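A.B. asks: Got a file for you: protein34.tsv, TSV, N, CA and C atoms.
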chain	number	residue	atom	x	y	z
T	1	MET	N	96.26	62.40	-1.19
T	1	MET	CA	96.78	63.52	-1.96
T	1	MET	C	98.10	63.95	-1.33
T	2	SER	N	99.07	64.27	-2.15
T	2	SER	CA	100.38	64.61	-1.61
T	2	SER	C	100.91	65.93	-2.14
T	3	THR	N	100.02	66.89	-2.40
T	3	THR	CA	100.52	68.19	-2.83
T	3	THR	C	101.14	68.91	-1.64
T	4	GLY	N	102.06	69.80	-1.93
T	4	GLY	CA	102.74	70.56	-0.89
T	4	GLY	C	104.24	70.48	-1.09
T	5	LEU	N	104.97	70.82	-0.03
T	5	LEU	CA	106.43	70.79	-0.08
T	5	LEU	C	106.93	69.36	-0.17
T	6	SER	N	107.99	69.17	-0.94
T	6	SER	CA	108.64	67.86	-0.95
T	6	SER	C	109.45	67.73	0.34
T	7	THR	N	109.71	66.51	0.77
T	7	THR	CA	110.50	66.32	1.99
T	7	THR	C	111.91	66.87	1.82
T	8	ALA	N	112.48	66.75	0.61
T	8	ALA	CA	113.83	67.27	0.37
T	8	ALA	C	113.87	68.80	0.47
T	9	PHE	N	112.84	69.47	-0.06
T	9	PHE	CA	112.80	70.93	0.00
T	9	PHE	C	112.56	71.39	1.44
T	10	ALA	N	111.69	70.70	2.15
T	10	ALA	CA	111.47	71.03	3.57
T	10	ALA	C	112.77	70.90	4.35
T	11	ALA	N	113.55	69.85	4.05
T	11	ALA	CA	114.84	69.67	4.73
T	11	ALA	C	115.79	70.82	4.40
T	12	LEU	N	115.79	71.29	3.14
T	12	LEU	CA	116.63	72.43	2.77
T	12	LEU	C	116.23	73.69	3.53
T	13	ILE	N	114.93	73.94	3.62
T	13	ILE	CA	114.45	75.13	4.34
T	13	ILE	C	114.87	75.05	5.80
T	14	LEU	N	114.65	73.90	6.40
T	14	LEU	CA	115.02	73.75	7.80
T	14	LEU	C	116.53	73.83	7.99
T	15	GLY	N	117.29	73.27	7.06
T	15	GLY	CA	118.75	73.37	7.12
T	15	GLY	C	119.23	74.80	6.98
T	16	ALA	N	118.55	75.58	6.14
T	16	ALA	CA	118.92	76.98	5.95
T	16	ALA	C	118.68	77.77	7.24
T	17	LEU	N	117.66	77.40	7.98
T	17	LEU	CA	117.41	78.07	9.26
T	17	LEU	C	118.58	77.83	10.22
T	18	GLU	N	119.16	76.64	10.16
T	18	GLU	CA	120.25	76.31	11.06
T	18	GLU	C	121.58	76.88	10.59
T	19	THR	N	121.89	76.72	9.28
T	19	THR	CA	123.22	77.07	8.79
T	19	THR	C	123.28	78.34	7.95
T	20	GLY	N	122.16	78.71	7.35
T	20	GLY	CA	122.15	79.89	6.48
T	20	GLY	C	122.84	79.66	5.15
T	21	THR	N	123.05	78.40	4.75
T	21	THR	CA	123.83	78.15	3.54
T	21	THR	C	123.10	77.45	2.42
T	22	ALA	N	121.90	76.95	2.64
T	22	ALA	CA	121.22	76.16	1.61
T	22	ALA	C	120.73	77.04	0.47
T	23	SER	N	120.85	76.52	-0.77
T	23	SER	CA	120.29	77.20	-1.93
T	23	SER	C	118.83	76.76	-2.08
T	24	LEU	N	117.93	77.72	-2.06
T	24	LEU	CA	116.51	77.40	-2.14
T	24	LEU	C	115.91	77.76	-3.49
T	25	ALA	N	116.75	78.06	-4.48
T	25	ALA	CA	116.25	78.48	-5.78
T	25	ALA	C	115.28	77.46	-6.37
T	26	SER	N	114.14	77.96	-6.81
T	26	SER	CA	113.10	77.14	-7.45
T	26	SER	C	112.60	77.93	-8.64
T	27	LYS	N	113.06	77.59	-9.82
T	27	LYS	CA	112.80	78.45	-10.97
T	27	LYS	C	112.09	77.78	-12.13
T	28	TRP	N	111.66	76.56	-12.00
T	28	TRP	CA	111.10	75.84	-13.14
T	28	TRP	C	109.77	75.20	-12.76
T	29	ILE	N	108.77	75.36	-13.62
T	29	ILE	CA	107.42	74.87	-13.33
T	29	ILE	C	106.98	73.89	-14.41
T	30	GLN	N	106.25	72.86	-13.98
T	30	GLN	CA	105.76	71.82	-14.89
T	30	GLN	C	104.27	71.60	-14.62
T	31	LEU	N	103.53	71.22	-15.65
T	31	LEU	CA	102.09	71.01	-15.53
T	31	LEU	C	101.76	69.52	-15.40
T	32	HIS	N	100.65	69.24	-14.70
T	32	HIS	CA	100.23	67.86	-14.45
T	32	HIS	C	98.72	67.73	-14.61
T	33	THR	N	98.30	66.54	-15.04
T	33	THR	CA	96.87	66.27	-15.18
T	33	THR	C	96.28	65.71	-13.88
T	34	GLY	N	97.10	65.14	-13.03
T	34	GLY	CA	96.68	64.62	-11.74
T	34	GLY	C	97.72	64.95	-10.69
T	35	ASP	N	97.48	64.53	-9.46
T	35	ASP	CA	98.38	64.80	-8.34
T	35	ASP	C	99.80	64.34	-8.69
T	36	PRO	N	100.79	65.25	-8.65
T	36	PRO	CA	102.16	64.89	-9.01
T	36	PRO	C	102.83	63.89	-8.07
T	37	GLY	N	102.24	63.65	-6.90
T	37	GLY	CA	102.80	62.70	-5.96
T	37	GLY	C	103.98	63.25	-5.19
T	38	ALA	N	104.50	62.45	-4.27
T	38	ALA	CA	105.57	62.88	-3.37
T	38	ALA	C	106.88	63.17	-4.09
T	39	SER	N	107.07	62.60	-5.29
T	39	SER	CA	108.30	62.85	-6.05
T	39	SER	C	108.10	63.89	-7.16
T	40	GLY	N	106.84	64.33	-7.37
T	40	GLY	CA	106.54	65.33	-8.40
T	40	GLY	C	106.56	64.81	-9.81
T	41	THR	N	106.58	63.49	-10.01
T	41	THR	CA	106.80	62.94	-11.34
T	41	THR	C	105.61	62.21	-11.95
T	42	THR	N	104.48	62.13	-11.26
T	42	THR	CA	103.35	61.42	-11.83
T	42	THR	C	102.39	62.37	-12.52
T	43	PHE	N	101.64	61.84	-13.48
T	43	PHE	CA	100.62	62.57	-14.23
T	43	PHE	C	101.17	63.84	-14.90
T	44	VAL	N	102.39	63.77	-15.44
T	44	VAL	CA	102.96	64.91	-16.16
T	44	VAL	C	102.14	65.14	-17.42
T	45	SER	N	101.85	66.40	-17.73
T	45	SER	CA	101.10	66.77	-18.92
T	45	SER	C	101.81	66.28	-20.19
T	46	ASP	N	101.03	66.10	-21.26
T	46	ASP	CA	101.62	65.79	-22.56
T	46	ASP	C	102.61	66.88	-22.98
T	47	GLU	N	102.34	68.11	-22.58
T	47	GLU	CA	103.29	69.20	-22.82
T	47	GLU	C	104.16	69.25	-21.58
T	48	ASP	N	105.28	68.52	-21.63
T	48	ASP	CA	106.07	68.28	-20.42
T	48	ASP	C	107.27	69.21	-20.24
T	49	THR	N	107.38	70.24	-21.07
T	49	THR	CA	108.48	71.18	-20.95
T	49	THR	C	108.32	72.04	-19.70
T	50	ARG	N	109.36	72.09	-18.88
T	50	ARG	CA	109.35	72.98	-17.72
T	50	ARG	C	109.64	74.40	-18.19
T	51	LYS	N	108.90	75.34	-17.65
T	51	LYS	CA	109.08	76.75	-18.01
T	51	LYS	C	109.69	77.51	-16.83
T	52	GLU	N	110.54	78.48	-17.16
T	52	GLU	CA	111.20	79.26	-16.13
T	52	GLU	C	110.24	80.27	-15.52
T	53	ILE	N	110.31	80.39	-14.19
T	53	ILE	CA	109.52	81.39	-13.49
T	53	ILE	C	110.48	82.35	-12.79
T	54	GLU	N	110.00	83.56	-12.58
T	54	GLU	CA	110.79	84.58	-11.89
T	54	GLU	C	110.02	85.01	-10.64
T	55	TRP	N	110.67	84.85	-9.49
T	55	TRP	CA	110.05	85.24	-8.23
T	55	TRP	C	110.30	86.71	-7.96
T	56	GLY	N	109.31	87.39	-7.42
T	56	GLY	CA	109.44	88.79	-7.03
T	56	GLY	C	110.11	88.92	-5.68
T	57	THR	N	109.96	90.07	-5.06
T	57	THR	CA	110.53	90.34	-3.75
T	57	THR	C	109.60	89.82	-2.66
T	58	PRO	N	110.12	89.01	-1.75
T	58	PRO	CA	109.27	88.51	-0.66
T	58	PRO	C	108.76	89.64	0.23
T	59	ALA	N	107.52	89.51	0.67
T	59	ALA	CA	106.92	90.47	1.59
T	59	ALA	C	105.85	89.77	2.42
T	60	ASP	N	105.83	90.04	3.69
T	60	ASP	CA	104.81	89.50	4.59
T	60	ASP	C	104.70	87.98	4.51
T	61	GLY	N	105.83	87.30	4.36
T	61	GLY	CA	105.84	85.85	4.35
T	61	GLY	C	105.44	85.21	3.04
T	62	ALA	N	105.34	85.99	1.98
T	62	ALA	CA	104.91	85.46	0.68
T	62	ALA	C	105.77	86.02	-0.44
T	63	VAL	N	105.80	85.29	-1.54
T	63	VAL	CA	106.49	85.76	-2.74
T	63	VAL	C	105.68	85.29	-3.94
T	64	ALA	N	105.57	86.14	-4.96
T	64	ALA	CA	104.77	85.81	-6.14
T	64	ALA	C	105.64	85.75	-7.39
T	65	VAL	N	105.18	84.98	-8.35
T	65	VAL	CA	105.85	84.91	-9.65
T	65	VAL	C	105.54	86.21	-10.40
T	66	THR	N	106.56	86.78	-11.05
T	66	THR	CA	106.39	88.07	-11.74
T	66	THR	C	106.31	87.95	-13.26
T	67	ASN	N	106.56	86.78	-13.80
T	67	ASN	CA	106.44	86.62	-15.25
T	67	ASN	C	105.24	85.72	-15.57
T	68	SER	N	104.95	85.51	-16.82
T	68	SER	CA	103.80	84.70	-17.25
T	68	SER	C	104.25	83.67	-18.28
T	69	PRO	N	104.85	82.57	-17.82
T	69	PRO	CA	105.30	81.55	-18.79
T	69	PRO	C	104.13	80.93	-19.54
T	70	GLU	N	104.40	80.49	-20.76
T	70	GLU	CA	103.37	79.90	-21.63
T	70	GLU	C	103.80	78.52	-22.11
T	71	TRP	N	102.81	77.65	-22.27
T	71	TRP	CA	103.00	76.33	-22.86
T	71	TRP	C	102.14	76.27	-24.12
T	72	THR	N	102.70	75.73	-25.21
T	72	THR	CA	101.98	75.70	-26.48
T	72	THR	C	102.11	74.37	-27.22
T	73	GLY	N	102.71	73.36	-26.62
T	73	GLY	CA	103.08	72.16	-27.38
T	73	GLY	C	102.16	70.97	-27.30
T	74	TRP	N	100.86	71.15	-27.10
T	74	TRP	CA	100.00	69.98	-27.04
T	74	TRP	C	99.83	69.37	-28.42
T	75	SER	N	100.04	68.06	-28.49
T	75	SER	CA	99.87	67.40	-29.78
T	75	SER	C	99.21	66.03	-29.63
T	76	ALA	N	98.98	65.60	-28.40
T	76	ALA	CA	98.44	64.26	-28.19
T	76	ALA	C	96.93	64.26	-27.96
T	77	GLY	N	96.27	65.37	-28.21
T	77	GLY	CA	94.83	65.44	-28.00
T	77	GLY	C	94.48	66.19	-26.72
T	78	ALA	N	93.23	66.06	-26.32
T	78	ALA	CA	92.71	66.81	-25.18
T	78	ALA	C	93.19	66.22	-23.86
T	79	GLU	N	93.39	67.10	-22.88
T	79	GLU	CA	93.65	66.69	-21.51
T	79	GLU	C	93.21	67.82	-20.58
T	80	VAL	N	93.10	67.53	-19.30
T	80	VAL	CA	92.71	68.53	-18.31
T	80	VAL	C	93.87	68.71	-17.34
T	81	LEU	N	94.34	69.96	-17.22
T	81	LEU	CA	95.43	70.29	-16.30
T	81	LEU	C	94.83	70.59	-14.94
T	82	ASN	N	95.37	69.96	-13.90
T	82	ASN	CA	94.84	70.13	-12.55
T	82	ASN	C	95.88	70.55	-11.51
T	83	TYR	N	97.16	70.33	-11.80
T	83	TYR	CA	98.23	70.58	-10.83
T	83	TYR	C	99.45	71.17	-11.51
T	84	LEU	N	100.36	71.67	-10.67
T	84	LEU	CA	101.67	72.10	-11.15
T	84	LEU	C	102.71	71.63	-10.15
T	85	SER	N	103.95	71.54	-10.62
T	85	SER	CA	105.08	71.23	-9.74
T	85	SER	C	106.18	72.25	-10.02
T	86	VAL	N	106.99	72.52	-9.00
T	86	VAL	CA	108.08	73.49	-9.11
T	86	VAL	C	109.38	72.76	-8.80
T	87	TRP	N	110.39	73.05	-9.63
T	87	TRP	CA	111.67	72.33	-9.63
T	87	TRP	C	112.85	73.27	-9.54
T	88	SER	N	114.01	72.70	-9.18
T	88	SER	CA	115.25	73.48	-9.07
T	88	SER	C	115.92	73.70	-10.42
T	89	THR	N	115.68	72.81	-11.40
T	89	THR	CA	116.34	72.92	-12.70
T	89	THR	C	115.35	72.59	-13.83
T	90	ILE	N	115.75	72.87	-15.07
T	90	ILE	CA	114.89	72.67	-16.22
T	90	ILE	C	114.65	71.18	-16.51
T	91	THR	N	115.61	70.32	-16.22
T	91	THR	CA	115.43	68.87	-16.34
T	91	THR	C	116.00	68.24	-15.07
T	92	ALA	N	115.44	67.11	-14.69
T	92	ALA	CA	115.84	66.42	-13.45
T	92	ALA	C	115.75	67.41	-12.29
T	93	GLY	N	116.82	67.60	-11.53
T	93	GLY	CA	116.82	68.56	-10.44
T	93	GLY	C	116.02	68.09	-9.24
T	94	LEU	N	115.88	68.99	-8.28
T	94	LEU	CA	115.18	68.70	-7.04
T	94	LEU	C	113.74	69.20	-7.11
T	95	PHE	N	112.80	68.31	-6.89
T	95	PHE	CA	111.40	68.66	-6.80
T	95	PHE	C	111.20	69.49	-5.54
T	96	ARG	N	110.61	70.69	-5.69
T	96	ARG	CA	110.44	71.60	-4.56
T	96	ARG	C	109.06	71.49	-3.93
T	97	PHE	N	108.01	71.68	-4.74
T	97	PHE	CA	106.65	71.58	-4.20
T	97	PHE	C	105.66	71.45	-5.34
T	98	SER	N	104.43	71.08	-4.98
T	98	SER	CA	103.35	71.00	-5.96
T	98	SER	C	102.11	71.67	-5.38
T	99	ALA	N	101.18	71.98	-6.27
T	99	ALA	CA	99.94	72.62	-5.84
T	99	ALA	C	98.85	72.32	-6.85
T	100	ALA	N	97.62	72.30	-6.36
T	100	ALA	CA	96.47	72.15	-7.26
T	100	ALA	C	96.18	73.50	-7.90
T	101	LEU	N	95.78	73.49	-9.16
T	101	LEU	CA	95.36	74.72	-9.83
T	101	LEU	C	94.02	75.16	-9.23
T	102	SER	N	93.81	76.46	-9.11
T	102	SER	CA	92.55	76.95	-8.55
T	102	SER	C	91.38	76.59	-9.46
T	103	THR	N	91.64	76.53	-10.77
T	103	THR	CA	90.63	76.13	-11.74
T	103	THR	C	91.27	75.17	-12.74
T	104	PRO	N	90.78	73.94	-12.83
T	104	PRO	CA	91.32	73.03	-13.85
T	104	PRO	C	91.18	73.64	-15.24
T	105	ARG	N	92.10	73.31	-16.12
T	105	ARG	CA	92.11	73.89	-17.47
T	105	ARG	C	92.10	72.80	-18.51
T	106	SER	N	91.07	72.76	-19.36
T	106	SER	CA	91.02	71.82	-20.48
T	106	SER	C	91.85	72.38	-21.62
T	107	VAL	N	92.67	71.53	-22.22
T	107	VAL	CA	93.49	71.95	-23.36
T	107	VAL	C	93.35	70.94	-24.49
T	108	ASN	N	93.54	71.43	-25.71
T	108	ASN	CA	93.50	70.63	-26.92
T	108	ASN	C	94.69	70.96	-27.79
T	109	ASP	N	94.86	70.21	-28.87
T	109	ASP	CA	95.93	70.49	-29.82
T	109	ASP	C	95.92	71.96	-30.20
T	110	GLY	N	97.10	72.58	-30.18
T	110	GLY	CA	97.24	73.96	-30.62
T	110	GLY	C	96.90	75.01	-29.57
T	111	ASP	N	96.41	74.62	-28.39
T	111	ASP	CA	96.08	75.60	-27.35
T	111	ASP	C	97.34	76.18	-26.72
T	112	THR	N	97.18	77.36	-26.12
T	112	THR	CA	98.22	78.00	-25.33
T	112	THR	C	97.71	78.16	-23.91
T	113	VAL	N	98.56	77.82	-22.95
T	113	VAL	CA	98.24	78.00	-21.54
T	113	VAL	C	99.26	78.98	-20.96
T	114	ARG	N	98.77	79.96	-20.24
T	114	ARG	CA	99.64	80.97	-19.62
T	114	ARG	C	99.42	80.95	-18.11
T	115	LEU	N	100.51	80.93	-17.36
T	115	LEU	CA	100.43	81.03	-15.91
T	115	LEU	C	100.24	82.50	-15.55
T	116	ASN	N	99.08	82.84	-15.00
T	116	ASN	CA	98.79	84.24	-14.67
T	116	ASN	C	99.24	84.64	-13.28
T	117	SER	N	99.26	83.70	-12.34
T	117	SER	CA	99.72	84.04	-10.99
T	117	SER	C	100.09	82.77	-10.24
T	118	LEU	N	101.05	82.92	-9.34
T	118	LEU	CA	101.46	81.86	-8.43
T	118	LEU	C	102.13	82.55	-7.25
T	119	THR	N	101.67	82.25	-6.06
T	119	THR	CA	102.25	82.81	-4.85
T	119	THR	C	102.62	81.68	-3.91
T	120	PHE	N	103.80	81.77	-3.34
T	120	PHE	CA	104.27	80.84	-2.32
T	120	PHE	C	104.27	81.60	-1.01
T	121	ALA	N	103.60	81.06	0.01
T	121	ALA	CA	103.47	81.80	1.26
T	121	ALA	C	103.63	80.89	2.47
T	122	PHE	N	104.20	81.45	3.51
T	122	PHE	CA	104.21	80.83	4.83
T	122	PHE	C	103.12	81.51	5.64
T	123	VAL	N	102.18	80.73	6.16
T	123	VAL	CA	101.10	81.30	6.96
T	123	VAL	C	100.87	80.42	8.18
T	124	PRO	N	100.48	80.96	9.29
T	124	PRO	CA	100.29	82.39	9.53
T	124	PRO	C	101.63	83.08	9.79
T	125	ILE	N	101.66	84.36	9.56
T	125	ILE	CA	102.80	85.21	9.87
T	125	ILE	C	102.40	86.09	11.05
T	126	ALA	N	103.23	86.16	12.07
T	126	ALA	CA	102.93	87.00	13.22
T	126	ALA	C	102.90	88.47	12.78
T	127	ALA	N	101.95	89.22	13.26
T	127	ALA	CA	101.85	90.65	12.92
T	127	ALA	C	103.01	91.39	13.55
T	128	ASP	N	103.64	92.27	12.76
T	128	ASP	CA	104.71	93.06	13.38
T	128	ASP	C	104.07	94.25	14.09
T	129	GLU	N	104.79	94.79	15.04
T	129	GLU	CA	104.23	95.83	15.91
T	129	GLU	C	103.83	97.09	15.15
T	130	GLU	N	104.54	97.41	14.06
T	130	GLU	CA	104.23	98.61	13.30
T	130	GLU	C	102.89	98.50	12.57
T	131	SER	N	102.52	97.28	12.14
T	131	SER	CA	101.31	97.15	11.34
T	131	SER	C	100.11	96.69	12.16
T	132	SER	N	100.33	96.30	13.40
T	132	SER	CA	99.19	95.85	14.21
T	132	SER	C	98.58	97.03	14.96
T	133	SER	N	97.29	96.92	15.21
T	133	SER	CA	96.63	98.00	15.94
T	133	SER	C	96.36	97.57	17.36
T	134	ALA	N	96.34	98.54	18.25
T	134	ALA	CA	96.15	98.26	19.68
T	134	ALA	C	94.70	98.13	20.03
Any chance you could put this one into structure tokens?

C.D. replies:
Amino acid sequence: MSTGLSTAFAALILGALETGTASLASKWIQLHTGDPGASGTTFVSDEDTRKEIEWGTPADGAVAVTNSPEWTGWSAGAEVLNYLSVWSTITAGLFRFSAALSTPRSVNDGDTVRLNSLTFAFVPIAADEESSSA
């Protein structure tokens, strides 16, 4: 299984730590029926349109999506969605990361799927002195 950060995105994050100049924008999400693989391009759902996501304000090492994108274009019959991938652009672009859905979702012609939540987090985060107890 190869879900997680892509090597290119990990390199950007690490480069940003050194130079402070890398663009880390990741605004597009795609659905998959199986593990998207190291390039994020395998098992793409029949409804292959990437939807825009909006990230909230980071806090405590995490950031959550604040909108609820929807997919409605299934026309090839039933399938089960198991994964998602996040990209830098609506088409092509840089694959950022992938993740397994907490609950697989069966879809059929005419169904609508809505992303209710997605959080990206770095863990563990060291406790800051103000919030830790003695």

A.B. asks: Extract, using only C-alpha atoms, all DNA, RNA and protein residues at most 12 Å from Ala59 of chain T, discarding same-chain residues fewer than 5 positions from it, and format them as a PyMOL selection string.

C.D. replies: chain T and resi 64+119-122+125

A.B. asks: Considering all atoms listed in the file, state which residue in the set T:Ser6, T:Thr41, T:Gln30, T:Thr112 is at the smallest distance from Thr72 of chain T.

C.D. replies: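 Going through T:Ser6, T:Thr41, T:Gln30, T:Thr112 one by one, the smallest distance to Thr72 of chain T is for T:Thr112.
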
A.B. asks: Return the single residue from T:Val86, T:Ala10, T:Ala78, T:Leu5 that is closest to Ala38 of chain T, with distances computed using only N, CA and C atoms.

C.D. replies: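 Comparing T:Val86, T:Ala10, T:Ala78, T:Leu5 against Ala38 of chain T, the winner is T:Leu5.
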
A.B. asks: Calculate how many Å separate atom N of Ala99 of chain T from atom C of Ala126 of chain T, rounding to one decimal.

C.D. replies: 25.3 Å

A.B. asks: Compile the contact shell of Ala100 of chain T as a PyMOL selection string: residues with an atom at most 7 Å away, counting all atoms listed in the file, same-chain residues fewer than 4 positions apart removed.

C.D. replies: chain T and resi 3-4+82-84

A.B. asks: Okay, now the selection with N, CA and C atoms, as a short mmCIF file (atom, residue, chain, number, x, y, z; two decimals), in the frame of the given file?

C.D. replies:
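File again26.cif, as written:
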data_model
loop_
_atom_site.label_atom_id
_atom_site.label_comp_id
_atom_site.auth_asym_id
_atom_site.auth_seq_id
_atom_site.Cartn_x
_atom_site.Cartn_y
_atom_site.Cartn_z
N THR T 3 100.02 66.89 -2.40
CA THR T 3 100.52 68.19 -2.83
C THR T 3 101.14 68.91 -1.64
N GLY T 4 102.06 69.80 -1.93
CA GLY T 4 102.74 70.56 -0.89
C GLY T 4 104.24 70.48 -1.09
N ASN T 82 95.37 69.96 -13.90
CA ASN T 82 94.84 70.13 -12.55
C ASN T 82 95.88 70.55 -11.51
N TYR T 83 97.16 70.33 -11.80
CA TYR T 83 98.23 70.58 -10.83
C TYR T 83 99.45 71.17 -11.51
N LEU T 84 100.36 71.67 -10.67
CA LEU T 84 101.67 72.10 -11.15
C LEU T 84 102.71 71.63 -10.15
#

A.B. asks: Looking at only N, CA and C atoms, which of T:Leu115, T:Leu94, T:Val44, T:Val63 is the one that sits closest to Leu31 of chain T?

C.D. replies: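 Using only N, CA and C atoms, Leu31 of chain T sits closest to T:Val44.
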
A.B. asks: Could you pull the residues within 6.5 Å of Trp28 of chain T, counting all atoms listed in the file, minus those fewer than 3 positions along the same chain, as an MDAnalysis selection string?

C.D. replies: chainID T and resid 50:53 85:90

A.B. asks: With distances taken over all atoms listed in the file, which of T:Asn67, T:Thr49, T:Ser26, T:Thr33 is nearest to Arg114 of chain T?

C.D. replies: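 Smallest separation from Arg114 of chain T among the options: T:Asn67.
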
A.B. asks: I need the residue nearest Val123 of chain T from this list: T:Asp60, T:Asn108, T:Ser102, T:Ala92. Use all atoms listed in the file for the distance.

C.D. replies: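 Among the listed residues, T:Asp60 lies closest to Val123 of chain T.
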
A.B. asks: Name the closest residue to Leu24 of chain T among the candidates T:Leu12, T:Ser2, T:Phe97, T:Ala76; distances are taken between atoms, counting all atoms listed in the file.

C.D. replies: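 Ranking T:Leu12, T:Ser2, T:Phe97, T:Ala76 by distance to Leu24 of chain T, first place goes to T:Leu12.
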